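Asks: Handing over input.txt, compact mmCIF, N, CA and C atoms.
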```txt
# COMPACT_ATOMS: atom_id res chain seq x y z
N MET S 1 43.15 54.26 -11.64
CA MET S 1 42.85 55.51 -11.00
C MET S 1 41.47 55.41 -10.33
N SER S 2 41.42 55.80 -9.10
CA SER S 2 40.20 55.73 -8.30
C SER S 2 39.37 57.00 -8.46
N VAL S 3 38.05 56.82 -8.51
CA VAL S 3 37.13 57.96 -8.62
C VAL S 3 36.66 58.34 -7.22
N ILE S 4 36.73 59.61 -6.89
CA ILE S 4 36.29 60.10 -5.59
C ILE S 4 34.77 60.04 -5.53
N GLU S 5 34.25 59.48 -4.44
CA GLU S 5 32.80 59.36 -4.29
C GLU S 5 32.13 60.72 -4.22
N ILE S 6 30.86 60.72 -4.57
CA ILE S 6 30.05 61.94 -4.55
C ILE S 6 28.73 61.61 -3.84
N SER S 7 28.20 62.55 -3.09
CA SER S 7 26.95 62.32 -2.36
C SER S 7 25.74 62.54 -3.26
N CYS S 8 24.61 62.00 -2.83
CA CYS S 8 23.37 62.20 -3.57
C CYS S 8 23.05 63.69 -3.69
N GLN S 9 23.26 64.44 -2.62
CA GLN S 9 22.96 65.87 -2.65
C GLN S 9 23.79 66.60 -3.70
N GLU S 10 25.06 66.22 -3.81
CA GLU S 10 25.91 66.83 -4.84
C GLU S 10 25.42 66.47 -6.24
N VAL S 11 25.00 65.22 -6.41
CA VAL S 11 24.47 64.77 -7.70
C VAL S 11 23.24 65.58 -8.06
N TRP S 12 22.30 65.72 -7.10
CA TRP S 12 21.06 66.47 -7.37
C TRP S 12 21.35 67.91 -7.73
N ARG S 13 22.33 68.50 -7.06
CA ARG S 13 22.69 69.90 -7.33
C ARG S 13 23.23 70.08 -8.75
N GLU S 14 23.88 69.06 -9.28
CA GLU S 14 24.54 69.16 -10.59
C GLU S 14 23.81 68.42 -11.71
N ILE S 15 22.67 67.81 -11.41
CA ILE S 15 22.03 66.93 -12.40
C ILE S 15 21.66 67.66 -13.69
N SER S 16 21.18 68.88 -13.57
CA SER S 16 20.82 69.65 -14.77
C SER S 16 22.06 69.95 -15.61
N ASN S 17 23.14 70.34 -14.95
CA ASN S 17 24.40 70.60 -15.66
C ASN S 17 24.92 69.32 -16.31
N TYR S 18 24.75 68.18 -15.65
CA TYR S 18 25.17 66.90 -16.21
C TYR S 18 24.40 66.60 -17.50
N VAL S 19 23.08 66.76 -17.44
CA VAL S 19 22.24 66.50 -18.61
C VAL S 19 22.61 67.43 -19.76
N ASP S 20 22.95 68.68 -19.43
CA ASP S 20 23.33 69.66 -20.45
C ASP S 20 24.80 69.54 -20.87
N ASP S 21 25.51 68.54 -20.35
CA ASP S 21 26.93 68.32 -20.64
C ASP S 21 27.77 69.53 -20.28
N GLU S 22 27.46 70.12 -19.12
CA GLU S 22 28.18 71.30 -18.66
C GLU S 22 28.89 71.06 -17.33
N VAL S 23 29.44 69.86 -17.17
CA VAL S 23 30.24 69.54 -15.99
C VAL S 23 31.64 69.14 -16.45
N SER S 24 32.58 69.26 -15.55
CA SER S 24 33.96 68.88 -15.88
C SER S 24 34.04 67.37 -16.09
N PRO S 25 35.04 66.92 -16.82
CA PRO S 25 35.21 65.47 -17.01
C PRO S 25 35.34 64.73 -15.68
N GLU S 26 36.00 65.35 -14.71
CA GLU S 26 36.19 64.73 -13.39
C GLU S 26 34.84 64.58 -12.69
N LEU S 27 34.01 65.62 -12.71
CA LEU S 27 32.70 65.55 -12.07
C LEU S 27 31.80 64.55 -12.81
N ARG S 28 31.87 64.53 -14.13
CA ARG S 28 31.08 63.57 -14.91
C ARG S 28 31.45 62.14 -14.50
N ALA S 29 32.71 61.85 -14.36
CA ALA S 29 33.15 60.51 -13.96
C ALA S 29 32.64 60.16 -12.57
N ARG S 30 32.68 61.12 -11.65
CA ARG S 30 32.18 60.88 -10.29
C ARG S 30 30.68 60.60 -10.31
N MET S 31 29.94 61.39 -11.10
CA MET S 31 28.49 61.21 -11.17
C MET S 31 28.15 59.88 -11.82
N GLU S 32 28.83 59.53 -12.89
CA GLU S 32 28.56 58.26 -13.57
C GLU S 32 28.84 57.07 -12.66
N ALA S 33 29.90 57.17 -11.87
CA ALA S 33 30.19 56.10 -10.91
C ALA S 33 29.07 56.02 -9.87
N HIS S 34 28.57 57.16 -9.45
CA HIS S 34 27.48 57.20 -8.47
C HIS S 34 26.21 56.59 -9.05
N PHE S 35 25.88 56.91 -10.31
CA PHE S 35 24.68 56.37 -10.94
C PHE S 35 24.72 54.84 -10.99
N LYS S 36 25.90 54.26 -11.13
CA LYS S 36 26.03 52.81 -11.21
C LYS S 36 25.62 52.12 -9.91
N SER S 37 25.72 52.84 -8.79
CA SER S 37 25.42 52.20 -7.51
C SER S 37 24.22 52.81 -6.78
N CYS S 38 23.59 53.83 -7.34
CA CYS S 38 22.49 54.50 -6.65
C CYS S 38 21.24 54.53 -7.55
N ALA S 39 20.32 53.64 -7.25
CA ALA S 39 19.09 53.56 -8.05
C ALA S 39 18.26 54.83 -7.93
N HIS S 40 18.27 55.46 -6.75
CA HIS S 40 17.47 56.68 -6.56
C HIS S 40 17.97 57.80 -7.47
N CYS S 41 19.26 58.03 -7.48
CA CYS S 41 19.82 59.11 -8.32
C CYS S 41 19.66 58.78 -9.81
N THR S 42 19.74 57.50 -10.16
CA THR S 42 19.51 57.11 -11.54
C THR S 42 18.08 57.42 -11.94
N ALA S 43 17.13 57.21 -11.02
CA ALA S 43 15.73 57.54 -11.30
C ALA S 43 15.56 59.05 -11.45
N VAL S 44 16.25 59.83 -10.62
CA VAL S 44 16.20 61.29 -10.74
C VAL S 44 16.76 61.72 -12.10
N LEU S 45 17.86 61.11 -12.52
CA LEU S 45 18.46 61.41 -13.82
C LEU S 45 17.47 61.09 -14.94
N ASP S 46 16.86 59.92 -14.89
CA ASP S 46 15.89 59.53 -15.92
C ASP S 46 14.71 60.50 -15.94
N GLY S 47 14.23 60.87 -14.76
CA GLY S 47 13.11 61.81 -14.68
C GLY S 47 13.47 63.17 -15.25
N THR S 48 14.68 63.63 -14.95
CA THR S 48 15.14 64.92 -15.47
C THR S 48 15.22 64.88 -16.98
N ARG S 49 15.76 63.80 -17.51
CA ARG S 49 15.83 63.67 -18.98
C ARG S 49 14.44 63.64 -19.60
N ASN S 50 13.50 62.97 -18.95
CA ASN S 50 12.13 62.92 -19.47
C ASN S 50 11.49 64.30 -19.48
N VAL S 51 11.69 65.08 -18.43
CA VAL S 51 11.14 66.43 -18.36
C VAL S 51 11.73 67.29 -19.47
N VAL S 52 13.03 67.21 -19.67
CA VAL S 52 13.69 67.98 -20.73
C VAL S 52 13.10 67.60 -22.08
N LYS S 53 12.91 66.31 -22.30
CA LYS S 53 12.36 65.84 -23.57
C LYS S 53 10.93 66.35 -23.77
N LEU S 54 10.11 66.30 -22.73
CA LEU S 54 8.73 66.78 -22.82
C LEU S 54 8.66 68.28 -23.10
N VAL S 55 9.49 69.04 -22.41
CA VAL S 55 9.48 70.49 -22.59
C VAL S 55 10.03 70.86 -23.96
N ALA S 56 11.03 70.15 -24.40
CA ALA S 56 11.68 70.48 -25.67
C ALA S 56 10.83 70.15 -26.89
N ASP S 57 9.87 69.22 -26.76
CA ASP S 57 9.12 68.85 -27.95
C ASP S 57 8.06 69.88 -28.33
N GLY S 58 7.77 70.84 -27.44
CA GLY S 58 6.87 71.94 -27.77
C GLY S 58 5.39 71.59 -27.80
N VAL S 59 5.04 70.37 -27.46
CA VAL S 59 3.64 69.97 -27.45
C VAL S 59 2.98 70.52 -26.18
N GLU S 60 1.82 71.09 -26.35
CA GLU S 60 1.06 71.59 -25.21
C GLU S 60 -0.02 70.58 -24.85
N TYR S 61 -0.21 70.38 -23.56
CA TYR S 61 -1.21 69.45 -23.09
C TYR S 61 -2.31 70.22 -22.37
N GLU S 62 -3.54 69.90 -22.69
CA GLU S 62 -4.66 70.56 -22.03
C GLU S 62 -4.86 69.92 -20.65
N LEU S 63 -4.92 70.78 -19.64
CA LEU S 63 -5.12 70.30 -18.29
C LEU S 63 -6.61 70.24 -17.97
N PRO S 64 -6.97 69.30 -17.10
CA PRO S 64 -8.38 69.21 -16.72
C PRO S 64 -8.84 70.50 -16.03
N GLU S 65 -10.11 70.80 -16.16
CA GLU S 65 -10.65 72.01 -15.54
C GLU S 65 -10.42 71.95 -14.03
N GLY S 66 -9.97 73.05 -13.49
CA GLY S 66 -9.72 73.16 -12.05
C GLY S 66 -8.38 72.64 -11.60
N PHE S 67 -7.57 72.12 -12.52
CA PHE S 67 -6.27 71.55 -12.15
C PHE S 67 -5.38 72.57 -11.47
N SER S 68 -5.26 73.76 -12.05
CA SER S 68 -4.39 74.80 -11.49
C SER S 68 -4.81 75.17 -10.07
N ARG S 69 -6.11 75.29 -9.86
CA ARG S 69 -6.62 75.65 -8.53
C ARG S 69 -6.29 74.54 -7.52
N ARG S 70 -6.52 73.28 -7.91
CA ARG S 70 -6.23 72.16 -7.00
C ARG S 70 -4.73 72.06 -6.71
N LEU S 71 -3.92 72.27 -7.72
CA LEU S 71 -2.47 72.22 -7.52
C LEU S 71 -2.02 73.32 -6.56
N TYR S 72 -2.49 74.53 -6.79
CA TYR S 72 -2.13 75.66 -5.93
C TYR S 72 -2.56 75.38 -4.48
N THR S 73 -3.75 74.83 -4.29
CA THR S 73 -4.25 74.52 -2.96
C THR S 73 -3.37 73.48 -2.27
N ARG S 74 -2.99 72.45 -3.00
CA ARG S 74 -2.13 71.41 -2.41
C ARG S 74 -0.76 71.96 -2.02
N ILE S 75 -0.18 72.78 -2.88
CA ILE S 75 1.14 73.35 -2.59
C ILE S 75 1.03 74.26 -1.37
N LYS S 76 -0.01 75.07 -1.33
CA LYS S 76 -0.20 76.02 -0.24
C LYS S 76 -0.36 75.31 1.09
N ASN S 77 -1.00 74.15 1.12
CA ASN S 77 -1.29 73.44 2.35
C ASN S 77 -0.16 72.50 2.80
N LYS S 78 0.92 72.43 2.07
CA LYS S 78 2.04 71.56 2.46
C LYS S 78 2.91 72.22 3.47
```
Please express the file's structure as structure tokens.
Replies:
Amino acid sequence: MSVIEISCQEVWREISNYVDDEVSPELRARMEAHFKSCAHCTAVLDGTRNVVKLVADGVEYELPEGFSRRLYTRIKNK
């Protein structure tokens, strides 16, 4: 049985649902096939899993003074 290809954009749209195991078996198979051939989407998947792990552990990190202001300025100027 052949798996229907899926685009990177479709993978990105569903990556959170994939990590949470909230996709259909058919979509999971399509995404897993895509991860085998797309290093970029595999990196996005790994990054998403890392963020979930960091947020879930409940540890708070102290940010350097002025970080929020610098971040806001950079976002505003993009």
Asks: DSSP on the backbone: which residues in chain S end up as helix (DSSP H, G or I)? Give the answer as a PyMOL selection string.
Replies: chain S and resi 8-19+25-37+39-56+67-76
Asks: Skip Tyr18 in chain S itself and residues of its chain fewer than 6 positions away, then list as a list in words all residues within 10 Å of it, counting only C-alpha atoms.
Replies: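 Near Tyr18 in chain S, the qualifying residues are Val11, Trp12, Ser24, Leu27, Arg28, Met31, Glu32 and Leu45 of chain S.
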Asks: Separation of atom N of Glu26 in chain S and CA of Val3 in chain S, in Å?
Replies: 9.6 Å
Asks: Take CA of Val59 in chain S and CA of Leu71 in chain S and report the distance between them in Å, one decimal.
Replies: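 Between CA of Val59 in chain S and CA of Leu71 in chain S the gap is 21.0 Å.
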Asks: Work out how far CA of Ser16 in chain S is from atom C of Ser37 in chain S, in Å to one decimal.
Replies: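 The value is 18.9 Å.
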Asks: Would you mind telling me which residue in S:Val52, S:Ala29, S:Val19, S:Cys38 lies nearest to Ile4 in chain S when using only C-alpha atoms?
Replies: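 Comparing S:Val52, S:Ala29, S:Val19, S:Cys38 against Ile4 in chain S, the winner is S:Ala29.
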Asks: Hey, what's within 9 Å of His34 in chain S if we count only C-alpha atoms and toss same-chain stuff fewer than 5 positions away? As a list in words, please?
Replies: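 My reading of the contact set: Glu5, Ile6, Ser7, Cys8, Val11, Ala29, Cys41 and Thr42 of chain S.
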Asks: Calculated over only C-alpha atoms, which of the candidates S:Arg49, S:Glu22, S:Ile15, S:Leu63 has the smallest distance to Phe35 in chain S?
Replies: S:Ile15
